[in-house]
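Trainee: File data_24.cif follows (mmCIF, C-alpha atoms):
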```cif
data_structure
loop_
_atom_site.label_atom_id
_atom_site.label_comp_id
_atom_site.auth_asym_id
_atom_site.auth_seq_id
_atom_site.Cartn_x
_atom_site.Cartn_y
_atom_site.Cartn_z
CA MET K 1 37.30 -9.65 -11.07
CA ASP K 2 37.45 -11.64 -14.32
CA ASP K 3 35.92 -10.27 -17.51
CA ASN K 4 33.19 -12.90 -17.29
CA ASP K 5 32.27 -12.10 -13.68
CA TYR K 6 29.24 -9.90 -13.02
CA ARG K 7 27.67 -8.66 -9.78
CA PHE K 8 24.16 -7.23 -9.52
CA TYR K 9 21.75 -6.00 -6.87
CA THR K 10 18.16 -6.56 -7.99
CA ASP K 11 14.69 -5.65 -6.80
CA GLY K 12 11.07 -5.52 -7.94
CA SER K 13 8.22 -3.27 -6.92
CA VAL K 14 4.42 -3.36 -6.90
CA LEU K 15 2.64 -0.05 -6.33
CA ASN K 16 -1.06 0.45 -5.53
CA PHE K 17 -1.67 -3.28 -5.20
CA LYS K 18 -5.32 -4.40 -5.52
CA SER K 19 -6.37 -1.14 -7.15
CA SER K 20 -7.14 -0.12 -10.72
CA SER K 21 -3.94 1.94 -10.79
CA VAL K 22 -1.62 -0.94 -9.87
CA SER K 23 1.81 -0.78 -11.47
CA THR K 24 4.90 -2.96 -11.31
CA GLY K 25 8.53 -2.28 -12.05
CA LEU K 26 12.04 -3.59 -11.78
CA GLY K 27 15.36 -2.11 -10.81
CA TRP K 28 18.96 -3.28 -10.65
CA VAL K 29 22.47 -1.95 -10.26
CA GLN K 30 25.65 -3.54 -11.55
CA VAL K 31 28.75 -3.12 -9.41
CA ASP K 32 32.41 -3.98 -9.78
CA SER K 33 34.57 -5.86 -7.29
CA ASP K 34 34.95 -2.66 -5.24
CA ASP K 35 31.17 -2.13 -5.13
CA PHE K 36 31.28 0.88 -7.42
CA ILE K 37 28.14 1.19 -9.57
CA VAL K 38 28.97 0.72 -13.25
CA ALA K 39 25.42 0.43 -14.63
CA HIS K 40 21.82 0.64 -13.48
CA CYS K 41 18.31 0.08 -14.80
CA SER K 42 14.76 1.15 -13.94
CA SER K 43 11.87 -0.14 -16.02
CA SER K 44 8.14 -0.72 -15.93
CA ILE K 45 6.74 -4.19 -16.53
CA ARG K 46 3.27 -5.48 -17.35
CA SER K 47 0.85 -5.58 -14.42
CA ASP K 48 -1.47 -8.31 -15.70
CA ILE K 49 -0.47 -10.50 -12.75
CA PRO K 50 0.93 -8.07 -10.15
CA SER K 51 3.35 -9.80 -7.81
CA SER K 52 6.52 -8.74 -6.05
CA LEU K 53 8.09 -12.13 -6.81
CA ARG K 54 7.29 -11.79 -10.53
CA ALA K 55 8.75 -8.29 -10.52
CA GLU K 56 11.95 -9.50 -8.85
CA LEU K 57 12.21 -12.47 -11.21
CA GLN K 58 11.81 -10.26 -14.27
CA SER K 59 14.51 -7.98 -12.92
CA ILE K 60 16.84 -10.98 -13.00
CA LEU K 61 15.63 -12.08 -16.44
CA SER K 62 16.34 -8.63 -17.88
CA ILE K 63 19.95 -9.07 -16.74
CA LEU K 64 20.40 -12.64 -17.99
CA GLU K 65 19.18 -11.65 -21.46
CA GLN K 66 22.03 -9.15 -21.80
CA LEU K 67 24.88 -11.28 -20.49
CA PRO K 68 27.36 -12.91 -22.88
CA ASN K 69 27.60 -16.67 -23.14
CA SER K 70 29.50 -18.54 -20.41
CA ALA K 71 29.31 -15.57 -18.05
CA GLU K 72 29.43 -15.98 -14.28
CA ILE K 73 27.03 -13.81 -12.29
CA LEU K 74 26.45 -13.16 -8.61
CA ILE K 75 23.03 -11.71 -7.74
CA PHE K 76 22.35 -9.99 -4.44
CA THR K 77 18.67 -10.00 -3.51
CA ASP K 78 16.43 -9.83 -0.47
CA ALA K 79 13.87 -12.18 -2.08
CA GLN K 80 14.29 -15.50 -0.29
CA ALA K 81 11.62 -17.08 -2.53
CA ILE K 82 13.86 -16.51 -5.56
CA ILE K 83 16.91 -17.98 -3.84
CA SER K 84 14.97 -21.04 -2.64
CA SER K 85 13.17 -21.74 -5.93
CA ALA K 86 16.03 -21.25 -8.40
CA PRO K 87 17.93 -24.50 -7.59
CA ARG K 88 14.74 -26.59 -7.87
CA VAL K 89 13.90 -25.01 -11.22
CA LEU K 90 17.37 -25.66 -12.63
CA SER K 91 17.41 -29.29 -11.50
CA SER K 92 14.00 -30.27 -12.89
CA GLU K 93 12.93 -31.11 -16.43
CA PHE K 94 9.69 -29.82 -17.92
CA SER K 95 6.56 -31.80 -17.04
CA LEU K 96 2.85 -31.13 -17.29
CA LYS K 97 2.76 -30.76 -13.50
CA GLN K 98 4.60 -27.46 -13.91
CA LEU K 99 1.49 -26.02 -15.55
CA ARG K 100 -0.15 -26.14 -12.11
CA LYS K 101 2.45 -23.82 -10.60
CA LYS K 102 2.44 -20.06 -10.52
CA ASN K 103 4.95 -18.24 -12.72
CA TYR K 104 5.90 -21.42 -14.59
CA VAL K 105 6.46 -19.44 -17.81
CA LEU K 106 8.90 -17.01 -16.20
CA TRP K 107 10.71 -19.79 -14.35
CA SER K 108 10.94 -21.83 -17.57
CA TYR K 109 12.44 -18.80 -19.29
CA PHE K 110 14.91 -18.40 -16.42
CA ARG K 111 16.01 -22.01 -16.83
CA SER K 112 16.15 -21.75 -20.62
CA LEU K 113 18.38 -18.65 -20.57
CA ILE K 114 20.86 -20.23 -18.20
CA PHE K 115 21.22 -23.45 -20.19
CA GLN K 116 21.14 -21.85 -23.64
CA LYS K 117 23.83 -19.32 -22.72
CA ASN K 118 25.77 -21.63 -20.39
CA LEU K 119 25.54 -19.12 -17.54
CA ARG K 120 26.73 -19.76 -14.00
CA VAL K 121 24.39 -17.99 -11.61
CA SER K 122 24.68 -17.80 -7.84
CA PHE K 123 22.72 -15.82 -5.27
CA SER K 124 23.56 -13.98 -2.08
CA LYS K 125 20.86 -13.06 0.43
CA VAL K 126 20.63 -9.45 1.50
CA ALA K 127 19.13 -9.24 4.97
CA ALA K 128 15.83 -7.39 5.05
CA HIS K 129 15.98 -3.91 6.59
CA SER K 130 19.77 -4.12 6.68
CA ASP K 131 20.06 -0.62 5.19
CA ASN K 132 22.39 -1.87 2.47
CA ASP K 133 23.08 1.15 0.25
CA LEU K 134 23.30 -0.83 -2.99
CA ASN K 135 20.16 -2.84 -2.24
CA ASN K 136 18.39 0.40 -1.31
CA ARG K 137 19.45 1.85 -4.65
CA ALA K 138 17.97 -1.12 -6.52
CA ASP K 139 14.79 -0.74 -4.47
CA PHE K 140 14.59 2.95 -5.35
CA LEU K 141 15.03 2.22 -9.06
CA ALA K 142 12.29 -0.41 -8.94
CA LYS K 143 9.86 1.99 -7.27
CA ASP K 144 10.86 4.79 -9.65
CA HIS K 145 9.63 2.83 -12.68
CA LEU K 146 6.75 5.28 -13.19
CA ASN K 147 9.32 7.89 -14.21
CA SER K 148 11.00 5.54 -16.66
CA SER K 149 10.16 5.42 -20.36
CA SER K 150 11.45 1.85 -20.53
CA ILE K 151 9.03 -1.10 -20.51
CA TYR K 152 10.54 -4.54 -20.11
CA GLU K 153 8.88 -7.67 -21.48
CA PRO K 154 10.59 -11.09 -21.45
CA ASP K 155 11.40 -12.52 -24.87
CA ILE K 156 9.46 -15.74 -24.32
CA SER K 157 9.77 -16.64 -28.00
CA ARG K 158 12.93 -18.45 -26.90
CA LEU K 159 10.71 -20.95 -25.07
CA GLN K 160 9.25 -22.51 -28.22
CA ASP K 161 11.51 -25.55 -27.84
CA THR K 162 10.95 -25.80 -24.08
CA LEU K 163 7.23 -25.33 -23.46
CA PRO K 164 4.74 -27.14 -25.71
CA MET K 165 2.48 -24.10 -25.49
CA ILE K 166 2.12 -20.77 -23.73
CA PRO K 167 -1.61 -20.26 -23.06
CA CYS K 168 -3.20 -16.83 -23.30
CA PHE K 169 -6.57 -15.46 -22.23
CA ASN K 170 -7.84 -12.17 -23.71
CA ASN K 171 -4.32 -11.60 -25.08
CA ILE K 172 -2.90 -11.93 -21.57
CA GLN K 173 -0.29 -14.58 -20.91
CA VAL K 174 -1.53 -17.16 -18.41
CA ASP K 175 1.26 -17.82 -15.92
CA LEU K 176 -0.65 -19.58 -13.16
CA ASP K 177 -2.49 -22.83 -12.46
CA LEU K 178 -4.61 -23.48 -15.58
CA ARG K 179 -7.08 -25.69 -13.73
CA SER K 180 -7.68 -22.98 -11.15
CA LEU K 181 -8.09 -20.36 -13.89
CA VAL K 182 -10.68 -22.40 -15.80
CA LYS K 183 -12.61 -23.12 -12.61
CA THR K 184 -12.60 -19.47 -11.57
CA ARG K 185 -13.66 -18.31 -15.02
CA TYR K 186 -16.52 -20.82 -15.08
CA GLU K 187 -17.75 -19.53 -11.72
CA GLN K 188 -17.59 -15.95 -12.99
CA ILE K 189 -19.69 -16.79 -16.04
CA GLN K 190 -22.24 -18.64 -13.93
CA PHE K 191 -22.44 -15.71 -11.55
CA LEU K 192 -23.04 -13.23 -14.39
CA ASN K 193 -25.78 -15.49 -15.75
CA PHE K 194 -27.27 -15.67 -12.28
CA CYS K 195 -27.31 -11.87 -11.92
CA SER K 196 -29.03 -11.51 -15.30
CA LEU K 197 -32.09 -13.53 -14.24
CA GLN K 198 -35.37 -11.69 -14.66
CA ARG K 199 -36.22 -11.99 -10.97
CA PHE K 200 -33.31 -9.67 -10.16
CA ALA K 201 -34.27 -7.04 -12.73
CA ARG K 202 -36.07 -4.95 -10.11
CA GLN K 203 -32.82 -4.57 -8.21
CA SER K 204 -31.35 -2.42 -11.02
CA VAL K 205 -27.88 -3.02 -9.62
CA SER K 206 -24.79 -3.71 -11.70
CA ALA K 207 -23.31 -7.19 -11.34
CA SER K 208 -19.99 -5.55 -10.49
CA LEU K 209 -21.47 -4.50 -7.13
CA TYR K 210 -22.10 -8.10 -6.11
CA SER K 211 -19.38 -10.24 -4.57
CA TRP K 212 -19.45 -13.45 -6.57
CA LYS K 213 -16.84 -15.01 -4.27
CA ALA K 214 -19.04 -14.35 -1.24
CA ILE K 215 -22.10 -15.82 -2.96
CA TRP K 216 -20.24 -18.97 -4.03
CA GLY K 217 -18.93 -19.28 -0.50
CA PHE K 218 -22.50 -18.93 0.78
CA PHE K 219 -23.59 -21.89 -1.33
CA ARG K 220 -20.61 -24.05 -0.41
CA PHE K 221 -20.79 -23.52 3.32
CA SER K 222 -21.95 -26.60 5.18
CA LEU K 223 -23.05 -27.12 8.77
CA TYR K 224 -22.77 -30.85 8.35
CA HIS K 225 -19.50 -32.60 7.60
CA GLY K 226 -19.46 -36.09 6.19
CA ALA K 227 -21.02 -37.81 3.21
CA SER K 228 -21.97 -35.63 0.24
CA THR K 229 -25.48 -37.18 0.27
CA ASN K 230 -26.25 -35.90 3.75
CA PHE K 231 -30.00 -35.09 3.69
CA LYS K 232 -29.67 -32.46 6.41
CA ASP K 233 -27.06 -30.67 4.32
CA HIS K 234 -29.33 -30.93 1.28
CA ASN K 235 -32.26 -29.40 3.16
CA PHE K 236 -29.99 -26.66 4.47
CA THR K 237 -28.93 -25.86 0.89
CA ILE K 238 -32.58 -25.63 -0.19
CA PHE K 239 -33.24 -23.29 2.72
CA ARG K 240 -30.39 -21.01 1.65
CA LEU K 241 -31.64 -20.96 -1.93
CA LYS K 242 -35.09 -19.91 -0.78
CA ILE K 243 -33.55 -17.12 1.26
CA LEU K 244 -31.57 -15.93 -1.75
CA PHE K 245 -34.59 -16.01 -4.06
CA ASP K 246 -36.93 -14.57 -1.43
CA ARG K 247 -39.19 -17.62 -1.67
CA LEU K 248 -39.63 -18.43 2.00
CA PRO K 249 -43.28 -18.44 3.14
CA THR K 250 -44.19 -15.41 5.22
CA LEU K 251 -47.05 -14.83 7.62
CA CYS K 252 -49.38 -12.10 6.46
CA LEU K 253 -51.44 -10.37 9.14
#
```
With the file now loaded, output its structure as structure tokens.
Mentor:
Amino acid sequence: MDDNDYRFYTDGSVLNFKSSSVSTGLGWVQVDSDDFIVAHCSSSIRSDIPSSLRAELQSILSILEQLPNSAEILIFTDAQAIISSAPRVLSSEFSLKQLRKKNYVLWSYFRSLIFQKNLRVSFSKVAAHSDNDLNNRADFLAKDHLNSSSIYEPDISRLQDTLPMIPCFNNIQVDLDLRSLVKTRYEQIQFLNFCSLQRFARQSVSASLYSWKAIWGFFRFSLYHGASTNFKDHNFTIFRLKILFDRLPTLCL
């Protein structure tokens, strides 16, 4: 193996997904041409946007940051999404359409590192459940991130010349579709305003106990498909509003 050749097994992990104690981590092992482990890493990463793909991608980024210029690297991974997406990312220039894609900041950083350092990166798919010892080791290191004192965070300051801006919300980096984020945030604010109406004061229930997604879905549901000015659909919406506000006439005996 040449001095500029590197081989890694990488993995990412998400623990306690969809819970308040969610945590994410990365793990990788470096091997020589005889598959002997020469280095390894286990680290926690931020869980603002928990995702196994993001964890795997950051595992790769943590490696690329440390490689010397003009290095050649072979990455073994069981993440087909990484293998499929990498060539498209490397062959495309930045455009505003990328801001509509998930993980566009991390993928932009991936592309930037490779071109800035003149790296040659190739991937090899590890079959899932193949009981590959080296892949299992990387998986163990990723899941063992809770016992690691290391916290990895990509150095996105290198993207200043690539991305015109890196948006943040509440000091959290926004790495997903901005249009979807703004729409969702608007709906959340409207829902909180709705729950604060005086007519709901007697409920004495925290807004956190309501499902704002379910309520928005309730309003959007339609029995009638077709023109948006359908009068039957309009009357049905009024009926639902009266149910919600308890304003339907009742028969008193």
Trainee: Run through the PyMOL selection byres ((chain K and resi 142-145) around 7) on the given coordinates and return the selected residues as a list in words.
Mentor: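 Taken over the shown coordinates, the PyMOL selection byres ((chain K and resi 142-145) around 7) returns Asp11, Gly12, Ser13, Gly25, Leu26, Gly27, Ser42, Ser43, Ser44, Ala138, Asp139, Phe140, Leu141, Leu146, Asn147 and Ser148 of chain K.
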Trainee: Near Ser52 of chain K, counting only C-alpha atoms, which residues have an atom at most 9 Å away, once you skip same-chain residues fewer than 2 positions from it, shown as a list of chain:residue names?
Mentor: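 Surrounding residues, per the criterion: K:Asp11, K:Gly12, K:Ser13, K:Val14, K:Thr24, K:Pro50, K:Arg54, K:Ala55, K:Glu56, K:Leu57.
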Trainee: Quote the spacing between atom CA of Ser59 of chain K and atom CA of Thr10 of chain K in Å to one decimal place.
Mentor: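 These atoms are spaced 6.3 Å apart.
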Trainee: What's around Phe8 of chain K at 7 Å? Count only C-alpha atoms, leave out sequence neighbours fewer than 4 positions away in its own chain, and write the answer as a ChimeraX atom specification.
Mentor: /K:28-31,74-76
Trainee: Taking all atoms listed in the file into account, which of K:Gln173, K:Glu187, K:Leu197, K:His234 comes nearest Trp212 of chain K?
Mentor: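 Residue with the minimum atom-to-atom distance to Trp212 of chain K: K:Glu187.
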Trainee: Atom CA of Lys117 of chain K and atom CA of Pro68 of chain K, how far apart in Å?
Mentor: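 For atom CA of Pro68 of chain K relative to atom CA of Lys117 of chain K, the distance reads 7.3 Å.
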Trainee: Could you check the closest approach to Asp78 of chain K for each of K:Arg185, K:Leu15, K:Val126, K:Leu134 and tell me which residue wins, using all atoms listed in the file?
Mentor: K:Val126
Trainee: Which of these, K:Ala127, K:Leu209, K:Cys168, K:Leu163, has the shortest distance to Cys195 of chain K once you count only C-alpha atoms?
Mentor: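 Checking each of K:Ala127, K:Leu209, K:Cys168, K:Leu163 against Cys195 of chain K, counting only C-alpha atoms, the winner is K:Leu209.
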Trainee: May I ask which of the residues K:Thr77, K:Gln58, K:Ser196, K:Thr237 is the closest one to Asp155 of chain K, counting all atoms listed in the file?
Mentor: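 Under the stated criterion, the closest residue is K:Gln58.
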Trainee: Given the PyMOL selection byres ((chain K and resi 79-96) around 8) and the file above, list the residues it selects as a list in words.
Mentor: Leu53, Glu56, Leu57, Thr77, Asp78, Lys97, Gln98, Leu99, Arg100, Trp107, Ser108, Arg111, Phe123, Ser124, Lys125, Thr162 and Leu163 of chain K
Trainee: What does the distance from atom CA of Leu178 of chain K to atom CA of Ile49 of chain K come to in Å, to one decimal?
Mentor: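 For atom CA of Leu178 of chain K relative to atom CA of Ile49 of chain K, the distance reads 13.9 Å.
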Trainee: Within 9 Å of (12.3, -18.0, -19.1) (file coordinates; all atoms listed in the file), which protein or nucleic acid residues are there? I'd like them as a ChimeraX atom specification.
Mentor: /K:61,104-114,154-156,158-159
Trainee: Can you tell me, as a PyMOL selection string, what residues are no more than 12 Å from Trp216 of chain K when counting only C-alpha atoms, ignoring any on the same chain fewer than 6 positions away?
Mentor: chain K and resi 184+186-188+190-191+194+210+240-241+244
Trainee: Using only C-alpha atoms, can you tell me which of K:Ser130, K:Ser21, K:Ser62, K:Asn16 comes closest to Glu153 of chain K?
Mentor: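 Of all the options, K:Ser62 lies closest to Glu153 of chain K.
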Trainee: Under the rule that only C-alpha atoms are counted, which of K:Arg7, K:Lys101, K:His40, K:Arg46 is the nearest residue to Ala71 of chain K?
Mentor: K:Arg7
Trainee: Edge lengths and centre, in Å to one decimal, as JSON: that's what I need for the box along x, y and z that holds all listed atoms of segment 89-92 of chain K plus 6 Å on each side.
Mentor:
```
{"center_x": 15.7, "center_y": -27.6, "center_z": -12.1, "size_x": 15.5, "size_y": 17.3, "size_z": 13.7}
```
Trainee: Going by the chain IDs and residue numbers used in this file, which residues fall under the PyMOL selection byres ((chain K and resi 119) around 7)? Write them as an NGL selection string.
Mentor: :K and (69-72 or 114-115 or 117-118 or 120-121)
